>>> print(open('entry39.txt').read())   # compact mmCIF, C-alpha atoms (C1' of nucleotides)
# COMPACT_ATOMS: atom_id res chain seq x y z
CA MET O 1 -11.89 -17.24 74.08
CA LEU O 2 -11.67 -20.61 72.48
CA SER O 3 -12.83 -23.60 74.43
CA HIS O 4 -10.27 -25.92 72.87
CA SER O 5 -6.76 -26.62 74.03
CA TRP O 6 -4.29 -27.08 71.24
CA HIS O 7 -2.28 -29.40 73.37
CA SER O 8 -5.05 -31.92 73.43
CA PRO O 9 -4.56 -34.81 71.00
CA ALA O 10 -8.31 -35.33 71.03
CA VAL O 11 -8.86 -31.88 69.58
CA ARG O 12 -6.33 -32.47 66.85
CA VAL O 13 -8.04 -35.70 65.91
CA THR O 14 -11.41 -33.99 65.86
CA LEU O 15 -10.15 -31.14 63.69
CA SER O 16 -8.51 -33.49 61.21
CA ALA O 17 -11.59 -35.67 61.09
CA ALA O 18 -13.81 -32.64 60.46
CA LEU O 19 -11.56 -31.57 57.61
CA LEU O 20 -11.59 -35.04 56.05
CA ALA O 21 -15.36 -35.26 56.36
CA TRP O 22 -15.68 -31.89 54.62
CA TYR O 23 -13.31 -33.09 51.90
CA ASP O 24 -15.40 -36.17 51.27
CA ARG O 25 -18.38 -33.94 50.53
CA HIS O 26 -16.83 -30.94 48.83
CA ARG O 27 -13.53 -31.90 47.27
CA ARG O 28 -12.73 -30.64 43.80
CA ARG O 29 -12.78 -33.10 40.95
CA LEU O 30 -9.50 -32.66 39.15
CA PRO O 31 -8.03 -34.57 36.19
CA TRP O 32 -5.06 -35.83 38.20
CA ARG O 33 -7.08 -36.80 41.25
CA ALA O 34 -8.20 -40.40 41.78
CA GLU O 35 -11.73 -41.30 42.75
CA ARG O 36 -12.40 -41.60 46.45
CA GLY O 37 -10.77 -44.70 47.83
CA ALA O 38 -8.46 -45.11 44.85
CA ALA O 39 -4.85 -44.00 44.61
CA ALA O 40 -3.59 -42.01 41.64
CA ASP O 41 -0.53 -43.54 40.04
CA PRO O 42 2.81 -41.98 41.03
CA TYR O 43 3.53 -40.58 37.58
CA THR O 44 0.21 -38.74 37.54
CA VAL O 45 0.79 -37.35 41.01
CA TRP O 46 4.34 -36.26 40.23
CA LEU O 47 3.42 -34.68 36.89
CA SER O 48 0.50 -32.75 38.36
CA GLU O 49 2.47 -31.58 41.38
CA VAL O 50 5.28 -30.21 39.24
CA MET O 51 2.88 -28.51 36.85
CA LEU O 52 0.99 -26.98 39.77
CA GLN O 53 4.07 -25.37 41.32
CA GLN O 54 3.15 -21.66 41.49
CA THR O 55 0.57 -22.24 38.77
CA THR O 56 -3.20 -22.15 39.04
CA VAL O 57 -5.40 -25.22 38.73
CA ALA O 58 -7.23 -23.50 35.86
CA ALA O 59 -4.02 -22.98 33.91
CA VAL O 60 -2.76 -26.51 34.49
CA GLY O 61 -5.93 -28.44 33.66
CA PRO O 62 -5.80 -28.66 29.85
CA ARG O 63 -2.00 -28.66 29.74
CA PHE O 64 -1.88 -31.62 32.09
CA GLU O 65 -4.19 -33.67 29.90
CA SER O 66 -2.26 -33.08 26.70
CA PHE O 67 1.10 -33.56 28.40
CA ARG O 68 0.09 -36.86 29.96
CA ALA O 69 -1.44 -38.07 26.70
CA ARG O 70 1.80 -37.41 24.88
CA TRP O 71 4.15 -38.68 27.59
CA PRO O 72 2.13 -41.12 29.72
CA SER O 73 4.93 -42.56 31.85
CA PHE O 74 8.40 -41.92 33.24
CA ALA O 75 9.76 -44.26 30.57
CA ALA O 76 8.13 -42.26 27.78
CA LEU O 77 9.22 -38.93 29.16
CA ALA O 78 12.75 -40.14 29.80
CA VAL O 79 13.32 -40.67 26.07
CA ALA O 80 11.41 -37.59 24.96
CA ASP O 81 12.94 -34.98 22.71
CA ASP O 82 14.03 -31.99 24.79
CA ALA O 83 12.77 -29.45 22.28
CA ALA O 84 9.36 -31.11 22.12
CA VAL O 85 9.00 -31.02 25.90
CA MET O 86 10.05 -27.39 26.12
CA SER O 87 7.57 -26.49 23.39
CA ALA O 88 4.81 -28.35 25.19
CA TRP O 89 5.61 -26.30 28.27
CA ALA O 90 5.59 -22.96 26.43
CA GLY O 91 3.29 -20.46 28.08
CA LEU O 92 3.19 -22.23 31.44
CA GLY O 93 6.12 -20.27 32.86
CA TYR O 94 8.92 -21.20 35.24
CA TYR O 95 10.67 -23.15 32.52
CA ALA O 96 13.24 -24.64 34.87
CA ARG O 97 10.40 -26.96 35.84
CA ALA O 98 10.35 -28.47 32.35
CA ARG O 99 14.11 -28.91 32.31
CA ASN O 100 14.00 -30.45 35.78
CA MET O 101 11.15 -32.75 34.79
CA LEU O 102 13.17 -34.22 31.99
CA ALA O 103 16.15 -34.65 34.28
CA CYS O 104 13.89 -36.23 36.90
CA ALA O 105 12.30 -38.67 34.46
CA ARG O 106 15.74 -39.69 33.24
CA ALA O 107 16.98 -40.13 36.80
CA VAL O 108 13.97 -42.30 37.62
CA ALA O 109 14.61 -44.38 34.51
CA ALA O 110 18.36 -44.69 34.99
CA GLU O 111 18.74 -44.84 38.76
CA HIS O 112 15.44 -46.18 40.07
CA GLY O 113 14.49 -48.80 37.51
CA GLY O 114 11.75 -46.61 36.12
CA VAL O 115 9.90 -46.59 39.43
CA LEU O 116 9.44 -43.44 41.47
CA PRO O 117 10.95 -43.78 44.96
CA ASP O 118 8.29 -43.92 47.68
CA THR O 119 9.99 -42.11 50.55
CA GLU O 120 10.09 -38.39 51.16
CA SER O 121 13.87 -38.32 51.53
CA ALA O 122 14.52 -40.22 48.30
CA LEU O 123 12.01 -38.11 46.39
CA ARG O 124 13.64 -34.97 47.72
CA GLN O 125 16.86 -35.90 45.89
CA LEU O 126 15.21 -35.73 42.47
CA PRO O 127 15.52 -32.64 40.23
CA GLY O 128 12.63 -30.23 40.66
CA VAL O 129 11.34 -31.99 43.77
CA GLY O 130 11.59 -29.75 46.82
CA ASP O 131 10.16 -30.01 50.31
CA TYR O 132 6.57 -29.49 49.29
CA THR O 133 6.55 -31.80 46.27
CA ALA O 134 8.40 -34.61 48.05
CA ALA O 135 5.90 -34.54 50.90
CA ALA O 136 2.92 -34.27 48.55
CA ILE O 137 3.98 -37.27 46.47
CA ALA O 138 4.83 -39.33 49.56
CA ALA O 139 1.41 -38.62 51.05
CA ILE O 140 -0.83 -38.65 47.97
CA ALA O 141 0.79 -41.36 45.87
CA PHE O 142 2.21 -43.58 48.61
CA GLY O 143 0.01 -42.97 51.64
CA ARG O 144 2.86 -41.85 53.84
CA ARG O 145 2.30 -39.54 56.77
CA ALA O 146 4.23 -36.57 55.40
CA ALA O 147 3.64 -32.95 56.41
CA VAL O 148 2.56 -31.19 53.22
CA VAL O 149 2.95 -27.40 53.30
CA ASP O 150 2.06 -25.30 50.29
CA GLY O 151 0.68 -21.77 50.05
CA ASN O 152 -2.82 -22.93 50.90
CA VAL O 153 -1.65 -24.80 53.97
CA GLU O 154 0.41 -21.81 55.08
CA ARG O 155 -2.69 -19.65 54.95
CA VAL O 156 -5.02 -22.14 56.66
CA VAL O 157 -2.61 -23.04 59.44
CA SER O 158 -1.34 -19.53 60.09
CA ARG O 159 -4.97 -18.51 60.62
CA LEU O 160 -5.88 -21.53 62.72
CA PHE O 161 -3.03 -20.73 65.12
CA ALA O 162 -2.76 -16.97 64.54
CA ILE O 163 0.91 -17.29 63.69
CA GLY O 164 2.11 -13.69 63.51
CA GLU O 165 5.65 -14.31 62.35
CA PRO O 166 6.09 -13.25 58.73
CA LEU O 167 6.73 -15.77 55.96
CA PRO O 168 8.95 -17.44 55.09
CA GLY O 169 10.21 -17.63 58.68
CA ALA O 170 6.84 -18.85 59.89
CA ARG O 171 7.18 -21.95 57.77
CA THR O 172 9.03 -23.84 60.49
CA ALA O 173 6.22 -23.35 62.98
CA ILE O 174 3.60 -24.09 60.33
CA LYS O 175 5.28 -27.32 59.32
CA ALA O 176 5.46 -28.42 62.96
CA ARG O 177 1.73 -27.84 63.37
CA VAL O 178 0.95 -29.70 60.15
CA ALA O 179 3.09 -32.61 61.30
CA GLU O 180 0.94 -32.81 64.46
CA LEU O 181 -2.34 -32.49 62.59
CA THR O 182 -1.65 -34.95 59.78
CA PRO O 183 -3.37 -38.25 60.54
CA ALA O 184 -1.82 -41.66 59.99
CA GLU O 185 -4.90 -42.67 58.04
CA ARG O 186 -5.52 -40.95 54.70
CA PRO O 187 -2.59 -38.52 54.92
CA GLY O 188 -2.86 -37.81 51.20
CA ASP O 189 -6.52 -36.92 51.44
CA TYR O 190 -5.78 -34.83 54.49
CA ALA O 191 -3.17 -32.82 52.58
CA GLN O 192 -5.52 -32.30 49.67
CA ALA O 193 -8.34 -31.43 52.04
CA THR O 194 -6.29 -28.61 53.53
CA MET O 195 -5.34 -27.37 50.08
CA ASP O 196 -8.94 -27.50 48.87
CA LEU O 197 -10.05 -25.65 51.98
CA GLY O 198 -7.47 -22.96 51.27
CA ALA O 199 -8.54 -22.72 47.64
CA MET O 200 -12.29 -22.66 48.21
CA ILE O 201 -13.03 -21.47 51.77
CA CYS O 202 -9.96 -20.09 53.49
CA THR O 203 -9.15 -17.75 50.63
CA PRO O 204 -6.64 -14.89 50.76
CA ARG O 205 -9.37 -12.26 50.72
CA ARG O 206 -12.79 -12.49 52.35
CA PRO O 207 -12.55 -16.10 53.49
CA ALA O 208 -15.90 -17.88 53.80
CA CYS O 209 -15.57 -18.64 57.50
CA ALA O 210 -19.29 -19.30 57.80
CA LEU O 211 -18.81 -22.35 55.59
CA CYS O 212 -15.56 -23.50 57.16
CA PRO O 213 -15.61 -26.95 58.76
CA VAL O 214 -12.84 -26.02 61.21
CA ALA O 215 -13.90 -22.47 62.07
CA GLU O 216 -14.57 -23.42 65.68
CA TRP O 217 -10.86 -24.15 66.13
CA CYS O 218 -9.61 -21.05 64.34
CA VAL O 219 -7.83 -18.59 66.61
CA ALA O 220 -7.74 -15.85 63.97
CA ARG O 221 -11.44 -16.23 63.34
CA ALA O 222 -12.16 -15.93 67.05
CA THR O 223 -10.88 -12.36 67.00
CA GLY O 224 -12.09 -11.54 63.48
CA GLU O 225 -8.52 -11.13 62.28
CA GLN O 226 -8.41 -13.93 59.74
CA GLU O 227 -7.36 -11.65 56.89
CA ARG O 228 -4.23 -10.58 58.80
CA TYR O 229 -2.73 -14.00 58.23
CA PRO O 230 -0.42 -15.16 56.89
CA VAL O 231 1.86 -12.19 57.46
CA LYS O 232 3.82 -11.60 54.28
CA PRO O 233 7.25 -10.01 53.92
CA THR O 234 7.38 -6.55 52.41
CA LYS O 235 7.86 -6.85 48.68
CA ARG O 236 10.43 -5.00 46.70
CA GLU O 237 9.17 -2.96 43.82
CA ARG O 238 9.88 -4.31 40.39
CA PRO O 239 12.40 -2.38 38.29
CA ARG O 240 11.87 -1.74 34.59
CA ARG O 241 14.26 -3.03 31.99
CA TYR O 242 14.50 -2.42 28.27
CA GLY O 243 15.51 -4.65 25.41
CA THR O 244 15.16 -5.14 21.67
CA ALA O 245 13.66 -8.13 19.90
CA TYR O 246 14.82 -8.75 16.33
CA TRP O 247 12.65 -9.98 13.48
CA LEU O 248 14.93 -11.15 10.67
CA GLU O 249 12.89 -12.48 7.76
CA ASP O 250 13.95 -14.34 4.65
CA GLU O 251 11.53 -15.97 2.21
CA SER O 252 8.64 -15.95 4.69
CA ARG O 253 10.76 -17.49 7.38
CA VAL O 254 11.94 -15.81 10.54
CA LEU O 255 15.09 -16.49 12.52
CA LEU O 256 14.49 -18.10 15.91
CA VAL O 257 17.18 -18.95 18.44
CA ARG O 258 17.44 -21.26 21.43
CA ARG O 259 18.05 -19.37 24.66
CA PRO O 260 20.85 -20.53 26.98
CA ALA O 261 19.91 -23.51 29.11
CA THR O 262 19.82 -21.56 32.37
CA GLY O 263 18.49 -18.20 33.41
CA LEU O 264 15.38 -16.36 32.29
CA LEU O 265 13.34 -18.39 29.78
CA GLY O 266 16.26 -20.82 29.76
CA GLY O 267 16.18 -23.48 27.07
CA MET O 268 13.25 -21.92 25.26
CA ARG O 269 12.96 -21.03 21.60
CA ALA O 270 12.91 -17.25 21.17
CA LEU O 271 13.36 -14.28 18.91
CA PRO O 272 16.93 -12.97 18.99
CA THR O 273 17.39 -10.22 21.56
CA GLY O 274 20.17 -7.97 22.71
CA PRO O 275 20.95 -7.23 26.35
CA TRP O 276 18.21 -6.19 28.77
CA GLU O 277 19.24 -2.99 30.50
CA ASP O 278 18.05 -0.01 32.50
CA ALA O 279 17.71 2.10 29.35
CA PRO O 280 16.73 1.23 25.76
CA PRO O 281 19.79 -0.50 24.26
CA GLY O 282 19.02 0.33 20.62
CA LEU O 283 20.35 -2.18 18.11
CA VAL O 284 22.98 -3.83 20.29
CA GLY O 285 23.14 -7.57 19.75
CA ALA O 286 21.37 -7.67 16.39
CA PRO O 287 21.68 -11.03 14.60
CA SER O 288 23.12 -9.40 11.47
CA ASP O 289 24.43 -6.04 10.28
CA ALA O 290 21.39 -5.53 8.08
CA ASP O 291 19.62 -2.21 7.79
CA TRP O 292 17.44 -2.52 10.88
CA GLU O 293 14.25 -0.58 11.18
CA LEU O 294 12.99 0.12 14.67
CA LEU O 295 9.24 -0.14 14.46
CA ALA O 296 7.61 3.11 15.47
CA ARG O 297 4.88 1.25 17.29
CA ARG O 298 5.32 1.12 21.02
CA GLY O 299 7.27 -1.85 22.24
CA VAL O 300 5.83 -4.92 23.88
CA GLU O 301 5.20 -4.62 27.61
CA HIS O 302 5.66 -7.71 29.70
CA GLY O 303 5.67 -8.33 33.41
CA PHE O 304 8.04 -10.91 34.83
CA THR O 305 8.15 -11.94 38.46
CA HIS O 306 10.92 -9.56 39.43
CA PHE O 307 10.97 -6.87 36.72
CA HIS O 308 8.95 -5.23 33.99
CA LEU O 309 10.26 -5.44 30.47
CA THR O 310 9.73 -3.00 27.63
CA LEU O 311 10.76 -4.70 24.42
CA ALA O 312 11.48 -2.55 21.36
CA LEU O 313 10.90 -4.23 18.00
CA ALA O 314 13.41 -4.10 15.14
CA GLN O 315 12.95 -5.74 11.75
CA ALA O 316 15.05 -6.40 8.69
CA THR O 317 15.31 -8.89 5.84
CA GLY O 318 18.26 -11.06 4.91
CA THR O 319 20.36 -13.86 6.34
CA SER O 320 22.48 -14.25 9.43
CA ASP O 321 25.50 -16.11 10.73
CA MET O 322 23.78 -16.53 14.07
CA ALA O 323 22.95 -20.12 14.98
CA GLY O 324 19.21 -20.65 14.85
CA GLU O 325 16.23 -22.00 12.99
CA TRP O 326 14.42 -20.35 10.09
CA TRP O 327 10.81 -20.82 11.09
CA PRO O 328 7.91 -20.41 8.65
CA VAL O 329 6.12 -17.25 9.67
CA GLY O 330 2.75 -18.92 9.18
CA GLU O 331 3.66 -21.68 11.63
CA LEU O 332 4.88 -19.62 14.56
CA GLY O 333 2.03 -20.96 16.62
CA SER O 334 3.82 -24.29 16.83
CA ALA O 335 7.23 -22.83 17.66
CA GLY O 336 6.73 -23.12 21.40
CA LEU O 337 7.58 -19.51 22.14
CA PRO O 338 7.26 -18.26 25.69
CA THR O 339 4.51 -15.70 26.07
CA VAL O 340 6.71 -12.61 25.87
CA PHE O 341 8.06 -13.70 22.47
CA ARG O 342 4.70 -14.93 21.26
CA ARG O 343 3.39 -11.43 21.94
CA ALA O 344 6.36 -9.83 20.23
CA ALA O 345 5.90 -12.08 17.20
CA GLU O 346 2.22 -11.19 17.05
CA ALA O 347 3.13 -7.52 17.13
CA PHE O 348 5.60 -7.98 14.27
CA VAL O 349 3.13 -9.90 12.15
CA GLU O 350 0.45 -7.34 12.77
CA GLU O 351 2.78 -4.43 12.08
CA LEU O 352 4.41 -5.91 8.99
CA GLY O 353 1.17 -7.20 7.52
CA VAL O 354 2.46 -10.71 6.96
CA VAL O 355 -0.14 -12.96 5.43
CA GLU O 356 -0.18 -16.58 6.50
C1' DC K 1 19.25 -16.72 52.83
C1' DA K 2 17.63 -13.45 49.54
C1' DA K 3 16.95 -13.35 44.84
C1' DA K 4 15.86 -15.40 40.46
C1' DC K 5 12.44 -17.50 38.08
C1' DG K 6 6.50 -16.64 34.13
C1' DT K 7 2.08 -16.15 33.40
C1' DG K 8 -2.87 -15.22 33.54
C1' DG K 9 -6.87 -14.38 36.29
C1' DA K 10 -9.24 -12.05 40.04
C1' DG K 11 -10.58 -8.07 42.54
C1' DT F 1 -4.73 0.09 35.65
C1' DC F 2 -2.54 -2.31 39.05
C1' DT F 3 -1.65 -5.34 42.80
C1' DC F 4 -1.92 -9.78 44.44
C1' DC F 5 -1.13 -14.33 44.05
C1' DA F 6 -1.14 -19.70 42.44
C1' DA F 7 -0.13 -27.33 44.81
C1' DG F 8 7.75 -23.82 44.99
C1' DT F 9 12.63 -24.90 43.66
C1' DT F 10 17.23 -23.65 43.01
C1' DT F 11 21.34 -21.14 43.82
>>> encode(input="entry39.txt", output="structure tokens")
Amino acid sequence: MLSHSWHSPAVRVTLSAALLAWYDRHRRRLPWRAERGAAADPYTVWLSEVMLQQTTVAAVGPRFESFRARWPSFAALAVADDAAVMSAWAGLGYYARARNMLACARAVAAEHGGVLPDTESALRQLPGVGDYTAAAIAAIAFGRRAAVVDGNVERVVSRLFAIGEPLPGARTAIKARVAELTPAERPGDYAQATMDLGAMICTPRRPACALCPVAEWCVARATGEQERYPVKPTKRERPRRYGTAYWLEDESRVLLVRRPATGLLGGMRALPTGPWEDAPPGLVGAPSDADWELLARRGVEHGFTHFHLTLALAQATGTSDMAGEWWPVGELGSAGLPTVFRRAAEAFVEELGVVE
DNA sequence: CAAACGTGGAG
DNA sequence: TCTCCAAGTTT
């Protein structure tokens, strides 16, 4: 049985102080993170937070640096070319984030005088800024006492309090606990401390409780049940869908299209495709009535969040009435294709023996 | 509110 | 090979 009472403010202060002290010694050094005692500028915080949504620190690192170098401010991003931004985002996934970022930068420029609002409620109104991101920016960039709850915090807090309710329902209780625990001093560091703890110590599997600075307060740890939390909802199994990607080549150029602004891979450059269905659709939706050859090679397999895709590959030569861009085959690397189409293009090039 | 929305790395 | 999951948001 734990010797601490969770209703004691003194215990909360002690726990938060222990976490901050641990953070001061062990925090990760990240490109978007200011040195101790300094505050990162709001643009840097916002950009990193959006890039990090559902995306690993390792994946974001290099992309963040190049993105910030190219568009170093809200003003610069607000006047950026849409296609250039989408290409820069290619491969990072969740492409609505890139569309929302542009909309957000333009809203900041047009409606906020180019300055990011500094309150959680005003931030929450911006495109692509939800509960988590609004709180994170308010705390980290502006020093406001906002309750920051991401996946790391959900894990840490659900273990600390042994919250048995499954996510996402448990989020209300978790947020209430975080609101109590977040100190008035250094709220941004406190939020990042909890996230670093979740990333490095309080991991999903085999958490390193022996190294945890707040283990003595952890209810789950007290009963050895730390890996039971957080309780996740039962996941649906992912269906399989089938489609066809078309490679239409003319004078060493291939036809690329721009996908519709919303929906899967929305706004991204892509190979033409037909519908994606429960069975192979054959040559439906081809960009011309050429003599299509379905490549014998197995199609491209790709896993999306909510379904698996098997993409058949069809190739032909000639022109098309379909709106699009004729892209030099040797320069496809700069086309900004999402991964599934980059893979498909690689398969075509390999199969057709195109020389760059 | 449940479902849509990407990708790559870890175990 | 396959499941899990990562600084979530939008509809």
>>> interface_residues(input="entry39.txt", of="chain O", to="chain K", cutoff="6 Å", atoms="all atoms listed in the file", output="list in words")
Gly93, Tyr94 and Phe304 of chain O
>>> interface_residues(input="entry39.txt", of="chain F", to="chain O", cutoff="10 Å", atoms="only C-alpha atoms (C1' of nucleotides)", output="VMD selection string")
chain F and resid 4 to 10
>>> write_last_selection(input="entry39.txt", atoms="C-alpha atoms (C1' of nucleotides)", output="tab-separated table (two decimals), in the coordinates of the input")
chain	number	residue	atom	x	y	z
F	4	DC	C1'	-1.92	-9.78	44.44
F	5	DC	C1'	-1.13	-14.33	44.05
F	6	DA	C1'	-1.14	-19.70	42.44
F	7	DA	C1'	-0.13	-27.33	44.81
F	8	DG	C1'	7.75	-23.82	44.99
F	9	DT	C1'	12.63	-24.90	43.66
F	10	DT	C1'	17.23	-23.65	43.01
>>> atom_distance(input="entry39.txt", atom1="CA of Cys218 (chain O)", atom2="CA of Pro187 (chain O)")
21.1 Å
>>> atom_distance(input="entry39.txt", atom1="CA of Trp46 (chain O)", atom2="CA of Ile137 (chain O)")
6.3 Å
>>> residues_around(input="entry39.txt", residues="Leu126 (chain O)", least_positions_apart="6", cutoff="10 Å", atoms="all atoms listed in the file", output="list in words")
Asn100, Met101, Ala103, Cys104, Ala105, Ala107, Val108, Leu116, Pro117 and Ala134 of chain O
>>> atom_distance(input="entry39.txt", atom1="CA of Ala90 (chain O)", atom2="CA of Ala135 (chain O)")
27.1 Å
>>> axis_aligned_box(input="entry39.txt", around="chain K", padding_each_side="6 Å", output="lines of an AutoDock Vina configuration file")
center_x = 4.3
center_y = -12.8
center_z = 43.1
size_x = 41.8
size_y = 21.4
size_z = 31.4
>>> decode(input="entry39.txt", residues="region 101-114 of chain O", atoms="C-alpha atoms", output="short mmCIF file (atom, residue, chain, number, x, y, z; two decimals), in the first residue's frame")
data_model
loop_
_atom_site.label_atom_id
_atom_site.label_comp_id
_atom_site.auth_asym_id
_atom_site.auth_seq_id
_atom_site.Cartn_x
_atom_site.Cartn_y
_atom_site.Cartn_z
CA MET O 101 -0.30 24.15 -41.62
CA LEU O 102 -0.58 26.32 -44.67
CA ALA O 103 -4.07 27.39 -43.67
CA CYS O 104 -2.83 28.08 -40.14
CA ALA O 105 0.14 30.16 -41.29
CA ARG O 106 -2.15 32.18 -43.54
CA ALA O 107 -4.63 32.69 -40.71
CA VAL O 108 -1.85 33.87 -38.42
CA ALA O 109 -0.64 36.27 -41.10
CA ALA O 110 -4.07 37.57 -42.06
CA GLU O 111 -5.95 37.54 -38.77
CA HIS O 112 -3.30 37.81 -36.06
CA GLY O 113 -0.81 40.25 -37.54
CA GLY O 114 1.70 37.49 -38.14
#
